[in-house]
Amino acid sequence: MSAPVALITGASRGIGKRIAIDLAESGYDLVLTARSSKTTPGRLPGTLEDTATQVENWGRKALVSPLDVRDECAIASLAKQVDKVFGRCDLLVNNAALAPPKPALKDSTKRWRMAIDANINGPFYISYYFVPLLEKNGLGRIVNISSQAATMPDFQRISYTTTKAALEGMTRAMAFDLKGSVAVNCIRLEIPVWTEGFAATLPPESALGFEHPVIMSDAVRWLAESPITFTGRVLTIGDLRARGAVRPFTPASIKDL
């Protein structure tokens with residue numbers, strides 16, 4: 001029997017990278033997507049190839065696909081490639097997102113559209129083209145990554161608050177449409193998790209109150225193993241910790257990454 005397959009967006013660094021590595025440890029083969037690769041590196045450390053190496057260290061396969069989640073045609077092509085290479089896909093983790101730093105009403109409308117395309121259209125395109133693969137065995141899972149910003153009008157990034165709230169609504173509605181064949185759930189990350197993005201902007205001592213991204217792996221793995229009837233939920237790390245799905249507070253620092 002072939003290994004289960006998971007697709008992770010934003011897998012070149014941070015939370016996406018950690019989830020990919022820990023899923024490999026759990027026996028998954030991985031489809032890794034992000035914009036940062038060896039040929040198109042980003043401004044922060046980390047590439048898809050770096051993540052793939054660590055996945056392969058666990059003896060698992062890694063299909064690397066440099067991808068902008070706003071590109072519908074590229075996602076459609078990737079779905080065909082995954083079907084050809086693996087013949088299945090069992091888990092989608094919609095992790096990639098943009099958070100434009102300027103107040104939206106003082107920024108360009110182009111940047112607003114970028115956030116809408118990446119944070120709402122991207123997860124929808126991924127789900128749209130991969131649901132047929134997820135439905136093959138009737139046990140597919142989609143996990144969307146949201147943020148406490150979805151409930152914070154004072155977050156001061158209108159596009160991020162709007163798109164994360166929309167992603168939570170999409171989760172509930174898609175769960176209804178796919179009931180019985182694919183479970184769709186959302187993790188609303190309400191606590192600071194240490195990633196390369198924080199490491200690039202904050203001094204080491206600022207990391208003391210941050211948690212390690214492994215807690216997100218705990219959450220994703222728990223949802224991936226939950227019954228197919230457990231669907232349409234928006235859960236915080238606090239919710240999942242109360243259920244015993246996520247380990248206790250696990251501090252992190254720059255050296256952990």
# chains A, B, ... in the order shown; residues from 1 in each chain; ligands from 1

$ residues_around --residues "Asp68 in chain A" --least-positions-apart "5" --cutoff "10 Å" --atoms "only C-alpha atoms" --output "list in words"
Thr9, Gly10, Thr33, Ala34, Arg35, Ser36, Ala74, Ile75, Ala96, Asp117, Ala118 and Gly122 of chain A

$ write_last_selection --atoms "C-alpha atoms" --output "PDB file, in the first residue's frame"
ATOM      1  CA  THR A   9       1.673  25.505   0.582  1.00  0.00           C
ATOM      2  CA  GLY A  10       4.255  27.947   1.908  1.00  0.00           C
ATOM      3  CA  THR A  33       4.953  24.391  -2.826  1.00  0.00           C
ATOM      4  CA  ALA A  34       6.118  27.960  -2.238  1.00  0.00           C
ATOM      5  CA  ARG A  35       7.573  30.847  -4.183  1.00  0.00           C
ATOM      6  CA  SER A  36      11.063  30.473  -2.677  1.00  0.00           C
ATOM      7  CA  ALA A  74      -0.108  26.311 -12.360  1.00  0.00           C
ATOM      8  CA  ILE A  75      -2.237  24.713  -9.629  1.00  0.00           C
ATOM      9  CA  ALA A  96       0.671  30.239   2.387  1.00  0.00           C
ATOM     10  CA  ASP A 117      -5.719  36.399  -4.461  1.00  0.00           C
ATOM     11  CA  ALA A 118      -3.189  34.753  -2.138  1.00  0.00           C
ATOM     12  CA  GLY A 122      -5.236  30.515  -3.476  1.00  0.00           C
TER      13      GLY A 122
END

$ residues_around --residues "range 166-179 of chain A" --least-positions-apart "3" --cutoff "12 Å" --atoms "only C-alpha atoms" --output "ChimeraX atom specification"
/A:94-95,97,115-124,127-128,131-132,134-135,138-151,159-163,182-189,227-236

$ write_last_selection --atoms "C-alpha atoms" --output "PDB file, in the first residue's frame"
ATOM      1  CA  ASN A  94      -3.391  25.771   2.966  1.00  0.00           C
ATOM      2  CA  ASN A  95      -0.677  27.630   4.844  1.00  0.00           C
ATOM      3  CA  ALA A  97      -0.562  33.801   2.947  1.00  0.00           C
ATOM      4  CA  ALA A 115      -3.872  39.661  -0.511  1.00  0.00           C
ATOM      5  CA  ILE A 116      -7.293  38.590  -1.785  1.00  0.00           C
ATOM      6  CA  ASP A 117      -5.719  36.399  -4.461  1.00  0.00           C
ATOM      7  CA  ALA A 118      -3.189  34.753  -2.138  1.00  0.00           C
ATOM      8  CA  ASN A 119      -5.287  34.348   0.999  1.00  0.00           C
ATOM      9  CA  ILE A 120      -8.719  33.509  -0.419  1.00  0.00           C
ATOM     10  CA  ASN A 121      -8.415  32.533  -4.083  1.00  0.00           C
ATOM     11  CA  GLY A 122      -5.236  30.515  -3.476  1.00  0.00           C
ATOM     12  CA  PRO A 123      -6.764  28.113  -0.925  1.00  0.00           C
ATOM     13  CA  PHE A 124      -9.872  27.839  -3.104  1.00  0.00           C
ATOM     14  CA  SER A 127      -8.990  22.833  -2.962  1.00  0.00           C
ATOM     15  CA  TYR A 128     -10.846  23.015  -6.281  1.00  0.00           C
ATOM     16  CA  VAL A 131     -10.627  17.651  -4.196  1.00  0.00           C
ATOM     17  CA  PRO A 132     -11.030  14.942  -6.891  1.00  0.00           C
ATOM     18  CA  LEU A 134      -8.908  13.773  -2.002  1.00  0.00           C
ATOM     19  CA  GLU A 135     -12.224  12.083  -2.768  1.00  0.00           C
ATOM     20  CA  GLY A 138     -13.287   9.040   0.779  1.00  0.00           C
ATOM     21  CA  LEU A 139     -10.933  10.020   3.578  1.00  0.00           C
ATOM     22  CA  GLY A 140      -9.402  13.278   2.375  1.00  0.00           C
ATOM     23  CA  ARG A 141      -8.623  16.175   4.682  1.00  0.00           C
ATOM     24  CA  ILE A 142      -8.199  19.919   4.126  1.00  0.00           C
ATOM     25  CA  VAL A 143      -6.653  22.051   6.864  1.00  0.00           C
ATOM     26  CA  ASN A 144      -6.721  25.824   6.426  1.00  0.00           C
ATOM     27  CA  ILE A 145      -4.459  28.063   8.502  1.00  0.00           C
ATOM     28  CA  SER A 146      -6.148  31.202   9.808  1.00  0.00           C
ATOM     29  CA  SER A 147      -5.193  33.784  12.411  1.00  0.00           C
ATOM     30  CA  GLN A 148      -6.607  35.542  15.443  1.00  0.00           C
ATOM     31  CA  ALA A 149      -6.493  38.595  13.164  1.00  0.00           C
ATOM     32  CA  ALA A 150      -9.739  37.265  11.666  1.00  0.00           C
ATOM     33  CA  THR A 151     -11.528  38.447  14.809  1.00  0.00           C
ATOM     34  CA  SER A 159      -6.719  42.911   4.025  1.00  0.00           C
ATOM     35  CA  TYR A 160      -5.349  40.264   6.409  1.00  0.00           C
ATOM     36  CA  THR A 161      -8.297  40.499   8.820  1.00  0.00           C
ATOM     37  CA  THR A 162     -10.773  40.370   5.934  1.00  0.00           C
ATOM     38  CA  THR A 163      -9.162  37.459   4.114  1.00  0.00           C
ATOM     39  CA  VAL A 182     -13.540  15.247   2.682  1.00  0.00           C
ATOM     40  CA  ALA A 183     -13.174  16.799   6.138  1.00  0.00           C
ATOM     41  CA  VAL A 184     -12.436  20.540   6.028  1.00  0.00           C
ATOM     42  CA  ASN A 185     -11.187  22.291   9.163  1.00  0.00           C
ATOM     43  CA  CYS A 186      -9.344  25.453  10.091  1.00  0.00           C
ATOM     44  CA  ILE A 187      -6.713  26.295  12.696  1.00  0.00           C
ATOM     45  CA  ARG A 188      -7.014  29.864  13.959  1.00  0.00           C
ATOM     46  CA  LEU A 189      -3.519  30.601  15.241  1.00  0.00           C
ATOM     47  CA  PRO A 227     -12.842  10.999  11.912  1.00  0.00           C
ATOM     48  CA  ILE A 228     -14.144  12.193   8.564  1.00  0.00           C
ATOM     49  CA  THR A 229     -17.237  13.398  10.440  1.00  0.00           C
ATOM     50  CA  PHE A 230     -15.119  15.905  12.373  1.00  0.00           C
ATOM     51  CA  THR A 231     -15.455  18.763   9.913  1.00  0.00           C
ATOM     52  CA  GLY A 232     -16.405  22.420   9.541  1.00  0.00           C
ATOM     53  CA  ARG A 233     -14.547  23.463  12.703  1.00  0.00           C
ATOM     54  CA  VAL A 234     -12.485  26.596  13.333  1.00  0.00           C
ATOM     55  CA  LEU A 235     -10.203  25.705  16.239  1.00  0.00           C
ATOM     56  CA  THR A 236      -7.575  27.704  18.100  1.00  0.00           C
TER      57      THR A 236
END

$ atom_distance --atom1 "CA of Leu223 in chain A" --atom2 "CA of Ile19 in chain A"
12.5 Å

$ atom_distance --atom1 "CA of Asn137 in chain A" --atom2 "CA of Ser2 in chain A"
12.5 Å

$ residues_around --residues "Arg13 in chain A" --least-positions-apart "2" --cutoff "9 Å" --atoms "only C-alpha atoms" --output "PDB file with C-alpha atoms, in the first residue's frame"
ATOM      1  CA  GLY A  10       4.255  27.947   1.908  1.00  0.00           C
ATOM      2  CA  ALA A  11       6.576  25.010   2.650  1.00  0.00           C
ATOM      3  CA  ILE A  15       5.209  26.839   9.872  1.00  0.00           C
ATOM      4  CA  GLY A  16       4.839  25.174   6.472  1.00  0.00           C
ATOM      5  CA  LYS A  17       8.343  23.747   6.612  1.00  0.00           C
ATOM      6  CA  ARG A  18       7.851  22.396  10.135  1.00  0.00           C
ATOM      7  CA  ALA A  34       6.118  27.960  -2.238  1.00  0.00           C
ATOM      8  CA  SER A  36      11.063  30.473  -2.677  1.00  0.00           C
ATOM      9  CA  LEU A  44      14.283  35.338   4.049  1.00  0.00           C
ATOM     10  CA  PRO A  45      16.244  32.113   4.607  1.00  0.00           C
ATOM     11  CA  GLY A  46      14.738  28.875   3.369  1.00  0.00           C
ATOM     12  CA  THR A  47      13.875  27.192   0.081  1.00  0.00           C
ATOM     13  CA  LEU A  48      11.691  24.307  -1.006  1.00  0.00           C
ATOM     14  CA  ASP A  50      15.924  22.767   1.958  1.00  0.00           C
ATOM     15  CA  THR A  51      12.609  21.373   3.161  1.00  0.00           C
ATOM     16  CA  THR A 195       9.477  31.499  12.401  1.00  0.00           C
ATOM     17  CA  GLU A 196      12.184  32.868  10.128  1.00  0.00           C
ATOM     18  CA  GLY A 197      10.004  35.945   9.608  1.00  0.00           C
TER      19      GLY A 197
END

$ select_by_dssp --residues "range 1-32 of chain A" --states "strand (DSSP E)" --output "number ranges by chain"
A: 5-9, 29-32

$ residues_around --residues "Lys106 in chain A" --least-positions-apart "3" --cutoff "12 Å" --atoms "only C-alpha atoms" --output "PyMOL selection string"
chain A and resi 100-103+109-112+156-159

$ closest_residue --among "A:Arg243, A:Val85, A:Lys61, A:Gly14" --to "Trp194 in chain A" --atoms "only C-alpha atoms"
A:Gly14

$ atom_distance --atom1 "CA of Met152 in chain A" --atom2 "CA of Gly42 in chain A"
29.0 Å

$ closest_residue --among "A:Arg70, A:Arg221, A:Arg60, A:His212" --to "Met114 in chain A" --atoms "only C-alpha atoms"
A:Arg70

$ closest_residue --among "A:Arg88, A:Gly59, A:Val5, A:Ile21" --to "Pro213 in chain A" --atoms "only C-alpha atoms"
A:Ile21

$ select_by_dssp --residues "range 25-218 of chain A" --states "alpha helix (DSSP H)" --output "VMD selection string"
chain A and resid 25 48 to 57 72 to 85 109 to 116 122 to 134 158 to 177 196 to 201 214 to 218

$ residues_around --residues "Thr250 in chain A" --least-positions-apart "3" --cutoff "10 Å" --atoms "only C-alpha atoms" --output "list in words"
Val193, Gly209, Phe210, Glu211, His212, Pro213, Val214, Ile215, Val246 and Arg247 of chain A
